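S.K.: Dropping a structure here in structure tokens format, bear with me for questions.
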Amino acid sequence: MAVLVTGGAGYIGSHTVAELITAGEEVVIVDNLYQGHKDAVLGGKLYVGDIRDKDFLDTVFKENTIDAVVHFAANSLVGESMKAPAKYYHNNVYGTLCLLEKMNEYGVSKIVFSSTAATYGEPENVPILESDRTFPTNTYGETKLAMEKMMKWFDIAHNVKYVSLRYFNACGAHESGKIGEDHNPETHLIPLILEVPLGKRPFISVYGDDYPTEDGTCIRDYLHVTDLADAHLKAVNYLRNGGESNVFNLGSGTGYSVSAVIEAARKATGHPIPVKVEGRRAGDPAVLIASSQKAKDVLGWTPKFDNLEYIIGTAWKWHEAHPNGYAK
């Protein structure tokens, strides 16, 4: 029995594939390589294709005995989603519909979904709880919420059980140094900071230093990508053990300010990393932190890598060795 990982050649997907393989799982990977990379897949059987192609999905399901699905395949840039909503609805929502239809057709009844804390929008509470209102403020978050709701109705109609994992910022790289973060364009804070010691930019921009936080910069949740991968594996086993459909936040519980992340990067890299303070960006809340107590209680998940300097150190090891990402 195999675990199918959609988007398994992407950043979090590839780390989850690595964790599944380490756990002794048979892994099948589907990725259209739009943002993924063949070199990020450390094992398993890779099918290059799009989940919106139902004939392609037929091939995958016919050639493998699939027990559960871990679903990462989606577009995920907030800014782009506001300019191209059709692209996000077609790839994220319609793609998920095609996947769920084929799962139901082939009798696969377990799916773990890579969601986002962007489903909450402006937080009602800090830290954010799973029971808080969901009111996305961008198309990306709206499509992820639509995907969650679709899974709920497939559960009601067809008994397809799901776990939705909502989290903010994945960071770091695999301890082996073989796989890491390579996006184009890059929008995530830590790899952008590391472009300074790599000589790709003269400074890192900080958008606002007058927020109501201890140092005036925004506070966000950061989790090592391997800890996120571990949560997906635990969610698969939760469903295998008869767990009901559920939603879990994955968070640090405390969060780190932008200035704290930059200071940790200075220590990890030994580089001064100059800063340029810019104006605030519209729609940036001061603090975004998710409570993961429910995931700890129900899934038995606890982050192992909670030292920010160590986390950034793993990212730096990857970026130093791969200054151009996976490009040769």
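Chain labels follow the order of the structure tokens: the first chain is A, the next B, and so on; residue numbering restarts at 1 in every chain, and ligands are counted from 1 in their shown order.
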List as CSV every residue of segment 5-110 of chain A that is in contact with segment 133-156 of chain A, defined as an atom at most 10 Å from one of its atoms (using only C-alpha atoms), together with the nearest atom pair and the distance in Å rounded to one decimal, sorted by chain and then rising number.

M.R.:
residue,atom,partner,partner_atom,distance
A:Ala74,CA,A:Lys144,CA,8.9
A:Asn75,CA,A:Tyr140,CA,7.7
A:Ser76,CA,A:Tyr140,CA,6.2
A:Leu77,CA,A:Tyr140,CA,7.0
A:Val78,CA,A:Tyr140,CA,5.6
A:Gly79,CA,A:Asn138,CA,8.2
A:Glu80,CA,A:Tyr140,CA,8.6
A:Ser81,CA,A:Thr139,CA,5.3
A:Met82,CA,A:Thr139,CA,5.7
A:Lys83,CA,A:Thr139,CA,8.9
A:Ala84,CA,A:Thr139,CA,8.7
A:Pro85,CA,A:Thr139,CA,6.1
A:Ala86,CA,A:Thr139,CA,9.4
A:Tyr88,CA,A:Tyr140,CA,6.7
A:Tyr89,CA,A:Thr143,CA,6.2
A:His90,CA,A:Thr143,CA,9.5
A:Asn91,CA,A:Thr143,CA,9.5
A:Asn92,CA,A:Thr143,CA,6.4
A:Val93,CA,A:Met147,CA,5.7
A:Tyr94,CA,A:Met147,CA,8.9
A:Gly95,CA,A:Met147,CA,9.4
A:Thr96,CA,A:Met147,CA,6.6
A:Leu97,CA,A:Met150,CA,7.6
A:Leu100,CA,A:Phe154,CA,7.6
A:Glu101,CA,A:Phe154,CA,8.9
A:Asn104,CA,A:Phe154,CA,8.5
A:Ser109,CA,A:Asp155,CA,8.6
A:Lys110,CA,A:Asp155,CA,9.6

S.K.: DSSP on the backbone, then: every residue of segment 15-250 of chain A marked alpha helix (DSSP H), written as an mmCIF file with C-alpha atoms, in the first residue's frame.

M.R.:
data_model
loop_
_atom_site.group_PDB
_atom_site.id
_atom_site.type_symbol
_atom_site.label_atom_id
_atom_site.label_comp_id
_atom_site.auth_asym_id
_atom_site.auth_seq_id
_atom_site.Cartn_x
_atom_site.Cartn_y
_atom_site.Cartn_z
ATOM 1 C CA HIS A 15 10.523 16.898 2.782
ATOM 2 C CA THR A 16 7.353 14.934 3.514
ATOM 3 C CA VAL A 17 8.327 12.354 0.885
ATOM 4 C CA ALA A 18 11.703 12.029 2.639
ATOM 5 C CA GLU A 19 9.994 11.517 6.021
ATOM 6 C CA LEU A 20 7.608 8.926 4.596
ATOM 7 C CA ILE A 21 10.472 6.994 3.032
ATOM 8 C CA THR A 22 12.431 7.094 6.305
ATOM 9 C CA LYS A 54 -8.174 12.849 -15.118
ATOM 10 C CA ASP A 55 -6.659 10.371 -17.592
ATOM 11 C CA PHE A 56 -3.287 10.966 -15.962
ATOM 12 C CA LEU A 57 -4.790 10.362 -12.522
ATOM 13 C CA ASP A 58 -6.376 7.147 -13.818
ATOM 14 C CA THR A 59 -2.897 5.904 -14.730
ATOM 15 C CA VAL A 60 -1.524 6.732 -11.285
ATOM 16 C CA PHE A 61 -4.380 5.040 -9.411
ATOM 17 C CA LYS A 62 -4.461 1.997 -11.702
ATOM 18 C CA GLU A 63 -0.717 1.345 -11.513
ATOM 19 C CA VAL A 78 -0.851 35.617 -1.933
ATOM 20 C CA GLY A 79 -0.024 38.594 -4.164
ATOM 21 C CA GLU A 80 -0.393 36.611 -7.372
ATOM 22 C CA SER A 81 -3.696 35.177 -6.173
ATOM 23 C CA MET A 82 -5.144 38.693 -5.915
ATOM 24 C CA LYS A 83 -4.164 39.449 -9.517
ATOM 25 C CA PRO A 85 -7.961 34.577 -9.052
ATOM 26 C CA ALA A 86 -9.044 32.348 -11.957
ATOM 27 C CA LYS A 87 -5.646 30.646 -11.956
ATOM 28 C CA TYR A 88 -5.999 29.875 -8.243
ATOM 29 C CA GLY A 95 -7.550 20.334 -9.120
ATOM 30 C CA THR A 96 -8.699 19.170 -5.706
ATOM 31 C CA LEU A 97 -12.117 18.258 -7.105
ATOM 32 C CA CYS A 98 -10.482 16.063 -9.762
ATOM 33 C CA LEU A 99 -8.326 14.399 -7.112
ATOM 34 C CA LEU A 100 -11.252 13.732 -4.754
ATOM 35 C CA GLU A 101 -13.357 12.309 -7.583
ATOM 36 C CA LYS A 102 -10.605 9.851 -8.502
ATOM 37 C CA MET A 103 -9.991 8.943 -4.872
ATOM 38 C CA ASN A 104 -13.660 8.119 -4.487
ATOM 39 C CA GLU A 105 -13.713 6.200 -7.777
ATOM 40 C CA THR A 139 -7.842 34.617 -2.953
ATOM 41 C CA TYR A 140 -5.208 32.078 -1.944
ATOM 42 C CA GLY A 141 -6.696 31.653 1.535
ATOM 43 C CA GLU A 142 -10.204 31.589 0.073
ATOM 44 C CA THR A 143 -9.326 28.740 -2.299
ATOM 45 C CA LYS A 144 -7.726 26.733 0.496
ATOM 46 C CA LEU A 145 -10.865 27.172 2.603
ATOM 47 C CA ALA A 146 -12.985 26.103 -0.370
ATOM 48 C CA MET A 147 -10.832 22.983 -0.693
ATOM 49 C CA GLU A 148 -11.391 22.186 2.993
ATOM 50 C CA LYS A 149 -15.155 22.595 2.599
ATOM 51 C CA MET A 150 -15.153 20.356 -0.457
ATOM 52 C CA MET A 151 -13.450 17.635 1.568
ATOM 53 C CA LYS A 152 -16.091 17.992 4.272
ATOM 54 C CA TRP A 153 -18.879 17.282 1.781
ATOM 55 C CA PHE A 154 -16.975 14.350 0.239
ATOM 56 C CA ASP A 155 -16.733 12.934 3.756
ATOM 57 C CA ILE A 156 -20.475 13.346 4.303
ATOM 58 C CA ALA A 157 -21.388 11.895 0.910
ATOM 59 C CA HIS A 158 -18.647 9.313 0.330
ATOM 60 C CA LEU A 189 11.519 35.903 4.639
ATOM 61 C CA ILE A 190 14.328 33.522 5.588
ATOM 62 C CA PRO A 191 15.570 32.676 2.063
ATOM 63 C CA LEU A 192 15.296 36.380 1.186
ATOM 64 C CA ILE A 193 17.455 37.245 4.213
ATOM 65 C CA LEU A 194 19.992 34.608 3.158
ATOM 66 C CA VAL A 225 9.967 21.988 7.384
ATOM 67 C CA THR A 226 10.895 18.574 8.800
ATOM 68 C CA ASP A 227 8.549 19.168 11.748
ATOM 69 C CA LEU A 228 5.779 19.983 9.279
ATOM 70 C CA ALA A 229 6.587 16.824 7.320
ATOM 71 C CA ASP A 230 6.384 14.812 10.540
ATOM 72 C CA ALA A 231 2.926 16.259 11.240
ATOM 73 C CA HIS A 232 1.693 15.085 7.828
ATOM 74 C CA LEU A 233 2.971 11.557 8.533
ATOM 75 C CA LYS A 234 1.286 11.557 11.950
ATOM 76 C CA ALA A 235 -1.954 12.748 10.321
ATOM 77 C CA VAL A 236 -1.839 9.843 7.838
ATOM 78 C CA ASN A 237 -1.479 7.392 10.720
ATOM 79 C CA TYR A 238 -4.254 9.143 12.654
ATOM 80 C CA LEU A 239 -6.629 8.456 9.749
ATOM 81 C CA ARG A 240 -5.355 4.885 9.376
#

S.K.: With only C-alpha atoms as the counted atoms, please give the residues lying no more than 10 Å from segment 202-216 of chain A, apart from itself and same-chain residues fewer than 3 positions off, as a PyMOL selection string.

M.R.: chain A and resi 189+192-199+219+257-260+262+272-282+284-287

S.K.: Got a sec: who's within 10 Å of Ile111 of chain A, counting only C-alpha atoms, leaving out chain neighbours fewer than 3 positions off, as a count of residues only?

M.R.: 22

S.K.: For His183 of chain A, list every protein, DNA or RNA residue within 9 Å, evaluated using only C-alpha atoms, and leave out those in the same chain fewer than 4 positions away; present the list as a PDB file with N, CA and C atoms, in the first residue's frame.

M.R.:
ATOM      1  N   GLY A  10       7.773  19.640  -4.542  1.00  0.00           N
ATOM      2  CA  GLY A  10       7.890  20.993  -4.010  1.00  0.00           C
ATOM      3  C   GLY A  10       8.626  21.012  -2.685  1.00  0.00           C
ATOM      4  N   TYR A  11       8.657  22.168  -2.050  1.00  0.00           N
ATOM      5  CA  TYR A  11       9.455  22.358  -0.834  1.00  0.00           C
ATOM      6  C   TYR A  11       8.980  21.480   0.317  1.00  0.00           C
ATOM      7  N   GLN A  35       6.387  24.301 -10.109  1.00  0.00           N
ATOM      8  CA  GLN A  35       7.217  24.879  -9.063  1.00  0.00           C
ATOM      9  C   GLN A  35       8.119  23.830  -8.404  1.00  0.00           C
ATOM     10  N   GLY A  36       7.851  22.567  -8.665  1.00  0.00           N
ATOM     11  CA  GLY A  36       8.637  21.503  -8.065  1.00  0.00           C
ATOM     12  C   GLY A  36       9.907  21.208  -8.847  1.00  0.00           C
ATOM     13  N   THR A 187       9.459  34.534  -2.068  1.00  0.00           N
ATOM     14  CA  THR A 187       8.709  35.516  -1.297  1.00  0.00           C
ATOM     15  C   THR A 187       8.863  35.309   0.214  1.00  0.00           C
ATOM     16  N   HIS A 188       9.521  34.239   0.630  1.00  0.00           N
ATOM     17  CA  HIS A 188       9.607  33.900   2.041  1.00  0.00           C
ATOM     18  C   HIS A 188      10.781  34.622   2.713  1.00  0.00           C
ATOM     19  N   GLY A 325      19.816  27.343  -6.191  1.00  0.00           N
ATOM     20  CA  GLY A 325      18.764  26.356  -5.988  1.00  0.00           C
ATOM     21  C   GLY A 325      19.138  25.030  -6.636  1.00  0.00           C
TER      22      GLY A 325
END

S.K.: So which residues of segment 115-184 of chain A fall under strand (DSSP E or B) by DSSP, listed as a ChimeraX atom specification?

M.R.: /A:128,161-167,169-171

S.K.: Only C-alpha atoms, please: the residues just picked out, written as a compact mmCIF listing (two decimals), in the first residue's frame.

M.R.:
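Saved the output as result31.txt:
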# COMPACT_ATOMS: atom_id res chain seq x y z
CA ILE A 128 -5.22 31.38 16.69
CA LYS A 161 -11.90 11.14 5.74
CA TYR A 162 -9.60 14.15 5.77
CA VAL A 163 -7.18 16.02 8.00
CA SER A 164 -6.55 19.66 7.19
CA LEU A 165 -3.29 21.09 8.53
CA ARG A 166 -3.24 24.88 8.80
CA TYR A 167 0.14 26.55 9.22
CA ASN A 169 5.75 29.68 7.49
CA ALA A 170 7.77 26.58 6.71
CA CYS A 171 11.50 27.19 6.95

S.K.: From the options A:Leu223, A:Leu33, A:Val28, A:Ala40, which residue's atoms come nearest to Lys304 of chain A, counting only C-alpha atoms?

M.R.: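 Nearest candidate to Lys304 of chain A out of A:Leu223, A:Leu33, A:Val28, A:Ala40: A:Leu223.
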
S.K.: Rank A:Ala73, A:Phe305, A:Met1, A:His224 by their smallest atom-to-atom distance to Glu181 of chain A, using only C-alpha atoms, and report the top residue only.

M.R.: A:His224

S.K.: One decimal, in Å: what's the spacing between atom CA of Thr217 of chain A and atom CA of Ala265 of chain A?

M.R.: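 Going from atom CA of Thr217 of chain A over to atom CA of Ala265 of chain A covers 15.8 Å.
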
S.K.: Enter the distance from atom CA of His37 of chain A to atom CA of Ala321 of chain A, in Å, rounded to one decimal.

M.R.: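 Those two atoms sit 16.4 Å apart.
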
S.K.: Name the closest residue to Ser292 of chain A among the candidates A:Gly177, A:Gly49, A:Gly313, A:Pro127; distances are taken between atoms, counting only C-alpha atoms.

M.R.: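 Nearest candidate to Ser292 of chain A out of A:Gly177, A:Gly49, A:Gly313, A:Pro127: A:Pro127.
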
S.K.: When you draw a straight line from atom CA of Gly43 of chain A to atom CA of Ile12 of chain A, how long is it in Å?

M.R.: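 Separation between atom CA of Gly43 of chain A and atom CA of Ile12 of chain A: 14.8 Å.
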